[in-house]
Amino acid sequence: MTPGEWRDVGRGIAELARARLRLSRASRDLPRHLAAPKAAAPIAPTELDRARDIGRALDRAAAIVPWRADCLVKALAAQHWLGRLG
């Protein structure tokens with residue numbers, strides 16, 4: 001992996017940990033903790049490539065973290081990471 005990919009995996013681990021913590025703190029009212037979906041806007045090819053890179057980084061990170069990082073955890077992590085990128 002390139003240094004950039006390693007950096008993304010490290011960020012992925014941090015995002016997975018944050019998402020897992022959010023889920024563990026969630027009460028019975030889980031939907032309250034999930035962001036409301038926004039209207040889909042056209043995605044530029046470079047943004048789509050970055051989203052794919054983030055998905056790959058989260059898959060790699062999920063394979064090495066010592067906690068369960070299933071689809072919901074990865075989706076929450078991706079949502080937060082992508083949201084920070086705008």
# chains A, B, ... in the order shown; residues from 1 in each chain; ligands from 1
$ select_by_dssp --residues "chain A" --states "helix (DSSP H, G or I)" --output "VMD selection string"
chain A and resid 3 to 25 30 to 33 45 to 64 71 to 85
$ residues_around --residues "A:Arg56" --least-positions-apart "3" --cutoff "10 Å" --atoms "only C-alpha atoms" --output "PDB file with all heavy atoms, in the first residue's frame"
ATOM      1  N   GLU A   5      -2.557   5.436   1.244  1.00  0.00           N
ATOM      2  CA  GLU A   5      -3.505   4.363   1.585  1.00  0.00           C
ATOM      3  C   GLU A   5      -3.365   3.987   3.055  1.00  0.00           C
ATOM      4  O   GLU A   5      -4.366   3.738   3.729  1.00  0.00           O
ATOM      5  CB  GLU A   5      -3.274   3.153   0.679  1.00  0.00           C
ATOM      6  CG  GLU A   5      -3.710   3.393  -0.754  1.00  0.00           C
ATOM      7  CD  GLU A   5      -3.298   2.283  -1.704  1.00  0.00           C
ATOM      8  OE1 GLU A   5      -2.232   1.657  -1.478  1.00  0.00           O
ATOM      9  OE2 GLU A   5      -4.039   2.026  -2.664  1.00  0.00           O
ATOM     10  N   ASP A   8      -5.128   6.572   5.006  1.00  0.00           N
ATOM     11  CA  ASP A   8      -6.579   6.371   4.941  1.00  0.00           C
ATOM     12  C   ASP A   8      -7.025   5.228   5.846  1.00  0.00           C
ATOM     13  O   ASP A   8      -8.079   5.304   6.471  1.00  0.00           O
ATOM     14  CB  ASP A   8      -7.027   6.103   3.505  1.00  0.00           C
ATOM     15  CG  ASP A   8      -7.084   7.359   2.654  1.00  0.00           C
ATOM     16  OD1 ASP A   8      -6.962   8.476   3.212  1.00  0.00           O
ATOM     17  OD2 ASP A   8      -7.254   7.225   1.423  1.00  0.00           O
ATOM     18  N   VAL A   9      -6.243   4.159   5.916  1.00  0.00           N
ATOM     19  CA  VAL A   9      -6.596   3.048   6.807  1.00  0.00           C
ATOM     20  C   VAL A   9      -6.561   3.518   8.259  1.00  0.00           C
ATOM     21  O   VAL A   9      -7.449   3.193   9.051  1.00  0.00           O
ATOM     22  CB  VAL A   9      -5.674   1.829   6.583  1.00  0.00           C
ATOM     23  CG1 VAL A   9      -5.870   0.781   7.668  1.00  0.00           C
ATOM     24  CG2 VAL A   9      -5.931   1.211   5.210  1.00  0.00           C
ATOM     25  N   GLY A  12      -9.534   5.442   8.755  1.00  0.00           N
ATOM     26  CA  GLY A  12     -10.654   4.502   8.791  1.00  0.00           C
ATOM     27  C   GLY A  12     -10.806   3.854  10.152  1.00  0.00           C
ATOM     28  O   GLY A  12     -11.922   3.696  10.656  1.00  0.00           O
ATOM     29  N   ARG A  50     -12.776   9.259  -4.740  1.00  0.00           N
ATOM     30  CA  ARG A  50     -12.413   9.431  -3.328  1.00  0.00           C
ATOM     31  C   ARG A  50     -13.348   8.619  -2.438  1.00  0.00           C
ATOM     32  O   ARG A  50     -12.910   8.003  -1.464  1.00  0.00           O
ATOM     33  CB  ARG A  50     -12.454  10.911  -2.945  1.00  0.00           C
ATOM     34  CG  ARG A  50     -12.002  11.183  -1.533  1.00  0.00           C
ATOM     35  CD  ARG A  50     -10.535  10.805  -1.365  1.00  0.00           C
ATOM     36  NE  ARG A  50     -10.118  11.060   0.010  1.00  0.00           N
ATOM     37  CZ  ARG A  50      -9.402  10.209   0.728  1.00  0.00           C
ATOM     38  NH1 ARG A  50      -8.969   9.089   0.203  1.00  0.00           N
ATOM     39  NH2 ARG A  50      -9.080  10.490   1.963  1.00  0.00           N
ATOM     40  N   ALA A  51     -14.632   8.601  -2.757  1.00  0.00           N
ATOM     41  CA  ALA A  51     -15.583   7.804  -1.982  1.00  0.00           C
ATOM     42  C   ALA A  51     -15.235   6.320  -2.061  1.00  0.00           C
ATOM     43  O   ALA A  51     -15.319   5.606  -1.056  1.00  0.00           O
ATOM     44  CB  ALA A  51     -17.003   8.047  -2.486  1.00  0.00           C
ATOM     45  N   ARG A  52     -14.819   5.859  -3.220  1.00  0.00           N
ATOM     46  CA  ARG A  52     -14.397   4.454  -3.362  1.00  0.00           C
ATOM     47  C   ARG A  52     -13.141   4.182  -2.537  1.00  0.00           C
ATOM     48  O   ARG A  52     -13.025   3.129  -1.908  1.00  0.00           O
ATOM     49  CB  ARG A  52     -14.145   4.120  -4.825  1.00  0.00           C
ATOM     50  CG  ARG A  52     -15.409   3.977  -5.621  1.00  0.00           C
ATOM     51  CD  ARG A  52     -15.117   3.547  -7.049  1.00  0.00           C
ATOM     52  NE  ARG A  52     -16.334   3.486  -7.797  1.00  0.00           N
ATOM     53  CZ  ARG A  52     -16.530   4.068  -8.972  1.00  0.00           C
ATOM     54  NH1 ARG A  52     -15.549   4.740  -9.554  1.00  0.00           N
ATOM     55  NH2 ARG A  52     -17.683   3.978  -9.585  1.00  0.00           N
ATOM     56  N   ASP A  53     -12.199   5.135  -2.548  1.00  0.00           N
ATOM     57  CA  ASP A  53     -10.988   4.987  -1.738  1.00  0.00           C
ATOM     58  C   ASP A  53     -11.333   4.885  -0.259  1.00  0.00           C
ATOM     59  O   ASP A  53     -10.761   4.078   0.474  1.00  0.00           O
ATOM     60  CB  ASP A  53     -10.037   6.170  -1.949  1.00  0.00           C
ATOM     61  CG  ASP A  53      -9.416   6.200  -3.341  1.00  0.00           C
ATOM     62  OD1 ASP A  53      -9.460   5.157  -4.031  1.00  0.00           O
ATOM     63  OD2 ASP A  53      -8.894   7.267  -3.712  1.00  0.00           O
ATOM     64  N   ASP A  59     -12.987  -0.892   4.622  1.00  0.00           N
ATOM     65  CA  ASP A  59     -12.976  -2.361   4.555  1.00  0.00           C
ATOM     66  C   ASP A  59     -11.668  -2.924   5.110  1.00  0.00           C
ATOM     67  O   ASP A  59     -11.670  -3.895   5.867  1.00  0.00           O
ATOM     68  CB  ASP A  59     -13.169  -2.841   3.113  1.00  0.00           C
ATOM     69  CG  ASP A  59     -14.604  -2.697   2.626  1.00  0.00           C
ATOM     70  OD1 ASP A  59     -15.519  -2.597   3.469  1.00  0.00           O
ATOM     71  OD2 ASP A  59     -14.797  -2.679   1.393  1.00  0.00           O
ATOM     72  N   ARG A  60     -10.551  -2.303   4.741  1.00  0.00           N
ATOM     73  CA  ARG A  60      -9.247  -2.756   5.249  1.00  0.00           C
ATOM     74  C   ARG A  60      -9.161  -2.551   6.764  1.00  0.00           C
ATOM     75  O   ARG A  60      -8.670  -3.424   7.486  1.00  0.00           O
ATOM     76  CB  ARG A  60      -8.118  -2.000   4.556  1.00  0.00           C
ATOM     77  CG  ARG A  60      -7.921  -2.404   3.125  1.00  0.00           C
ATOM     78  CD  ARG A  60      -6.880  -1.539   2.445  1.00  0.00           C
ATOM     79  NE  ARG A  60      -6.643  -1.994   1.089  1.00  0.00           N
ATOM     80  CZ  ARG A  60      -6.152  -1.227   0.145  1.00  0.00           C
ATOM     81  NH1 ARG A  60      -5.825   0.030   0.393  1.00  0.00           N
ATOM     82  NH2 ARG A  60      -5.963  -1.704  -1.067  1.00  0.00           N
ATOM     83  N   ALA A  61      -9.610  -1.391   7.221  1.00  0.00           N
ATOM     84  CA  ALA A  61      -9.564  -1.102   8.657  1.00  0.00           C
ATOM     85  C   ALA A  61     -10.463  -2.067   9.425  1.00  0.00           C
ATOM     86  O   ALA A  61     -10.091  -2.552  10.494  1.00  0.00           O
ATOM     87  CB  ALA A  61      -9.981   0.344   8.914  1.00  0.00           C
ATOM     88  N   ALA A  62     -11.650  -2.352   8.890  1.00  0.00           N
ATOM     89  CA  ALA A  62     -12.587  -3.252   9.568  1.00  0.00           C
ATOM     90  C   ALA A  62     -12.006  -4.652   9.727  1.00  0.00           C
ATOM     91  O   ALA A  62     -12.337  -5.365  10.674  1.00  0.00           O
ATOM     92  CB  ALA A  62     -13.903  -3.311   8.795  1.00  0.00           C
TER      93      ALA A  62
END
$ closest_residue --among "A:Asp49, A:Ile43, A:Ala19, A:Leu58" --to "A:Leu72" --atoms "only C-alpha atoms"
A:Ala19
$ atom_distance --atom1 "atom CA of A:Pro45" --atom2 "atom CA of A:Gly83"
17.3 Å
